Amino acid sequence: MYSIILPTYNEKENLPLIYYLIQDTFQKANISSYEVVIVDDSSPDGTFGVAQSLQSIYGDDRIQIISRKGKLGLGTAYVAGLKVSKGSRIILMDADLSHHPKFIPEMIRVMDDSKTAAKKIDIVCGTRYRQGGGVAGWDLKRKVVSRGANFLATFLLNPGPSDLTGSFRLYDRKALETILPKVKSKGYAFQMEILVQARAHNYRFGEVPITFVDRIYGESKLGANEIIMYLKGLFLLFFTT
């Protein structure tokens, strides 16, 4: 079974769309065993109500909802979602349509193909920085910030994958259960530390090129505070791992 964990904060317009795209992708791939776990941090825009409406339509065997009191952060949202999820494989992705589910079947294929190989893949990363990958809808400033952040992380940490700050990934459940409790970083550095911890535990990576699309509805959560937190987290990882 596949569990797709979607952390949400002010995603009421995007949530029905991303669920439809997930459903459509899995139906076309002839995969019936999946669930979507929505982890909402008390969104003031009514995202929780939209999630409840979707659950009433599709059923609680297809959609699980966790409502948390306050904006508690991405890392703890993953932990909360993992606790209630039933899948042996876990997909982490954004709910804001930046990550299109159409790339999921290729991620699954990469992981499946490795089962017959000598080196089993435990984590498949969606990457913007391999041939075939990229971004759409970003201005030059955002592209420079993203490239610079990824280059700096690769130079200092170099855990292996080409996209260290991306969050669109497919995990073997056992790997994620081992890694998540050890991750201490917050914000965007959280994604980097997952890969650093995975490397420390000798987990193996695969990659699938993806196109990251800037959100249509809502506001980007990247600001000056997030950039500062990222740099602090990066240098802390460099000096402690």
# chains A, B, ... in the order shown; residues from 1 in each chain; ligands from 1
>>> residues_around(residues="Phe190 of chain A", least_positions_apart="4", cutoff="10 Å", atoms="only C-alpha atoms", output="count of residues only")
16
>>> select_by_dssp(residues="segment 9-93 of chain A", states="strand (DSSP E)", output="tab-separated table (two decimals) with all heavy atoms, in the first residue's frame")
chain	number	residue	atom	x	y	z
A	34	TYR	N	-3.95	2.59	-2.07
A	34	TYR	CA	-3.30	3.83	-1.66
A	34	TYR	C	-4.24	4.60	-0.73
A	34	TYR	O	-5.45	4.38	-0.71
A	34	TYR	CB	-2.92	4.69	-2.86
A	34	TYR	CG	-4.09	5.31	-3.60
A	34	TYR	CD1	-4.53	6.60	-3.28
A	34	TYR	CD2	-4.75	4.62	-4.60
A	34	TYR	CE1	-5.61	7.16	-3.95
A	34	TYR	CE2	-5.82	5.18	-5.28
A	34	TYR	CZ	-6.25	6.44	-4.95
A	34	TYR	OH	-7.32	7.01	-5.60
A	35	GLU	N	-3.65	5.51	0.02
A	35	GLU	CA	-4.41	6.41	0.88
A	35	GLU	C	-3.71	7.77	0.89
A	35	GLU	O	-2.51	7.87	0.60
A	35	GLU	CB	-4.48	5.86	2.32
A	35	GLU	CG	-3.12	5.78	3.00
A	35	GLU	CD	-3.18	5.35	4.46
A	35	GLU	OE1	-4.29	5.21	4.99
A	35	GLU	OE2	-2.09	5.17	5.06
A	36	VAL	N	-4.48	8.79	1.23
A	36	VAL	CA	-3.94	10.14	1.37
A	36	VAL	C	-4.13	10.57	2.82
A	36	VAL	O	-5.25	10.50	3.36
A	36	VAL	CB	-4.64	11.14	0.43
A	36	VAL	CG1	-4.14	12.56	0.68
A	36	VAL	CG2	-4.41	10.74	-1.02
A	37	VAL	N	-3.04	10.97	3.46
A	37	VAL	CA	-3.09	11.42	4.85
A	37	VAL	C	-2.88	12.93	4.86
A	37	VAL	O	-1.79	13.41	4.51
A	37	VAL	CB	-2.02	10.72	5.70
A	37	VAL	CG1	-2.11	11.19	7.15
A	37	VAL	CG2	-2.17	9.20	5.63
A	38	ILE	N	-3.90	13.67	5.22
A	38	ILE	CA	-3.84	15.13	5.25
A	38	ILE	C	-3.54	15.57	6.68
A	38	ILE	O	-4.26	15.21	7.62
A	38	ILE	CB	-5.18	15.75	4.79
A	38	ILE	CG1	-5.47	15.33	3.34
A	38	ILE	CG2	-5.14	17.27	4.90
A	38	ILE	CD1	-6.90	15.62	2.90
A	39	VAL	N	-2.46	16.32	6.85
A	39	VAL	CA	-2.06	16.82	8.17
A	39	VAL	C	-2.18	18.34	8.14
A	39	VAL	O	-1.35	19.03	7.56
A	39	VAL	CB	-0.62	16.40	8.53
A	39	VAL	CG1	-0.29	16.82	9.96
A	39	VAL	CG2	-0.44	14.89	8.36
A	40	ASP	N	-3.24	18.85	8.76
A	40	ASP	CA	-3.53	20.29	8.69
A	40	ASP	C	-3.19	20.97	10.01
A	40	ASP	O	-3.60	20.52	11.09
A	40	ASP	CB	-5.00	20.53	8.35
A	40	ASP	CG	-5.28	22.01	8.16
A	40	ASP	OD1	-4.70	22.60	7.22
A	40	ASP	OD2	-6.06	22.57	8.94
A	63	ILE	N	-9.02	8.59	2.61
A	63	ILE	CA	-8.49	9.86	3.12
A	63	ILE	C	-8.52	9.85	4.64
A	63	ILE	O	-9.56	9.64	5.26
A	63	ILE	CB	-9.31	11.07	2.61
A	63	ILE	CG1	-9.22	11.17	1.08
A	63	ILE	CG2	-8.80	12.36	3.26
A	63	ILE	CD1	-10.06	12.30	0.51
A	64	GLN	N	-7.36	10.04	5.25
A	64	GLN	CA	-7.26	10.25	6.69
A	64	GLN	C	-6.92	11.71	6.95
A	64	GLN	O	-6.20	12.34	6.16
A	64	GLN	CB	-6.17	9.36	7.29
A	64	GLN	CG	-6.43	7.87	7.23
A	64	GLN	CD	-5.53	7.13	8.20
A	64	GLN	OE1	-5.64	7.27	9.42
A	64	GLN	NE2	-4.61	6.34	7.65
A	65	ILE	N	-7.43	12.25	8.06
A	65	ILE	CA	-7.20	13.66	8.38
A	65	ILE	C	-6.64	13.77	9.80
A	65	ILE	O	-7.17	13.16	10.73
A	65	ILE	CB	-8.50	14.48	8.30
A	65	ILE	CG1	-9.15	14.33	6.93
A	65	ILE	CG2	-8.20	15.96	8.58
A	65	ILE	CD1	-10.55	14.93	6.85
A	66	ILE	N	-5.60	14.54	9.93
A	66	ILE	CA	-5.07	14.90	11.25
A	66	ILE	C	-5.15	16.42	11.36
A	66	ILE	O	-4.62	17.14	10.51
A	66	ILE	CB	-3.60	14.45	11.42
A	66	ILE	CG1	-3.49	12.94	11.28
A	66	ILE	CG2	-3.06	14.91	12.78
A	66	ILE	CD1	-2.05	12.45	11.26
A	67	SER	N	-5.82	16.90	12.38
A	67	SER	CA	-5.91	18.34	12.62
A	67	SER	C	-5.10	18.68	13.86
A	67	SER	O	-5.34	18.14	14.94
A	67	SER	CB	-7.37	18.77	12.82
A	67	SER	OG	-7.45	20.16	13.06
A	89	ARG	N	5.00	1.78	1.71
A	89	ARG	CA	5.77	2.82	1.02
A	89	ARG	C	5.10	4.16	1.26
A	89	ARG	O	3.87	4.27	1.21
A	89	ARG	CB	5.87	2.53	-0.48
A	89	ARG	CG	6.77	1.35	-0.81
A	89	ARG	CD	6.84	1.10	-2.29
A	89	ARG	NE	7.81	0.07	-2.63
A	89	ARG	CZ	8.05	-0.33	-3.88
A	89	ARG	NH1	7.38	0.22	-4.90
A	89	ARG	NH2	8.95	-1.27	-4.11
A	90	ILE	N	5.92	5.18	1.51
A	90	ILE	CA	5.41	6.49	1.89
A	90	ILE	C	5.86	7.53	0.86
A	90	ILE	O	7.04	7.59	0.51
A	90	ILE	CB	5.93	6.91	3.28
A	90	ILE	CG1	5.70	5.79	4.32
A	90	ILE	CG2	5.29	8.21	3.72
A	90	ILE	CD1	4.26	5.46	4.59
A	91	ILE	N	4.92	8.33	0.41
A	91	ILE	CA	5.22	9.42	-0.51
A	91	ILE	C	5.01	10.74	0.23
A	91	ILE	O	3.94	10.98	0.79
A	91	ILE	CB	4.32	9.38	-1.76
A	91	ILE	CG1	4.58	8.10	-2.56
A	91	ILE	CG2	4.55	10.62	-2.63
A	91	ILE	CD1	3.53	7.80	-3.61
A	92	LEU	N	6.05	11.56	0.26
A	92	LEU	CA	5.95	12.90	0.83
A	92	LEU	C	5.97	13.91	-0.31
A	92	LEU	O	6.84	13.87	-1.18
A	92	LEU	CB	7.12	13.17	1.78
A	92	LEU	CG	7.33	12.18	2.94
A	92	LEU	CD1	8.47	12.66	3.84
A	92	LEU	CD2	6.06	11.99	3.74
>>> residues_around(residues="segment 135-151 of chain A", least_positions_apart="3", cutoff="7 Å", atoms="only C-alpha atoms", output="JSON, numbers by chain")
{"A": [128, 154, 155, 163, 164, 165, 211, 212, 213, 214]}
>>> residues_around(residues="Val50 of chain A", least_positions_apart="4", cutoff="7 Å", atoms="only C-alpha atoms", output="number ranges by chain")
A: 12, 46, 54
>>> residues_around(residues="His99 of chain A", least_positions_apart="3", cutoff="12 Å", atoms="only C-alpha atoms", output="ChimeraX atom specification")
/A:6,14,17-19,21-22,91-96,102-104,125-128,133-136,166-169,209-215
>>> closest_residue(among="A:Arg204, A:Ala189, A:Gly73, A:Asp41", to="Ile121 of chain A", atoms="only C-alpha atoms")
A:Arg204
>>> select_by_dssp(residues="chain A", states="helix (DSSP H, G or I)", output="PyMOL selection string")
chain A and resi 14-28+47-58+74-84+101-114+140-156+173-182+189-200+224-240
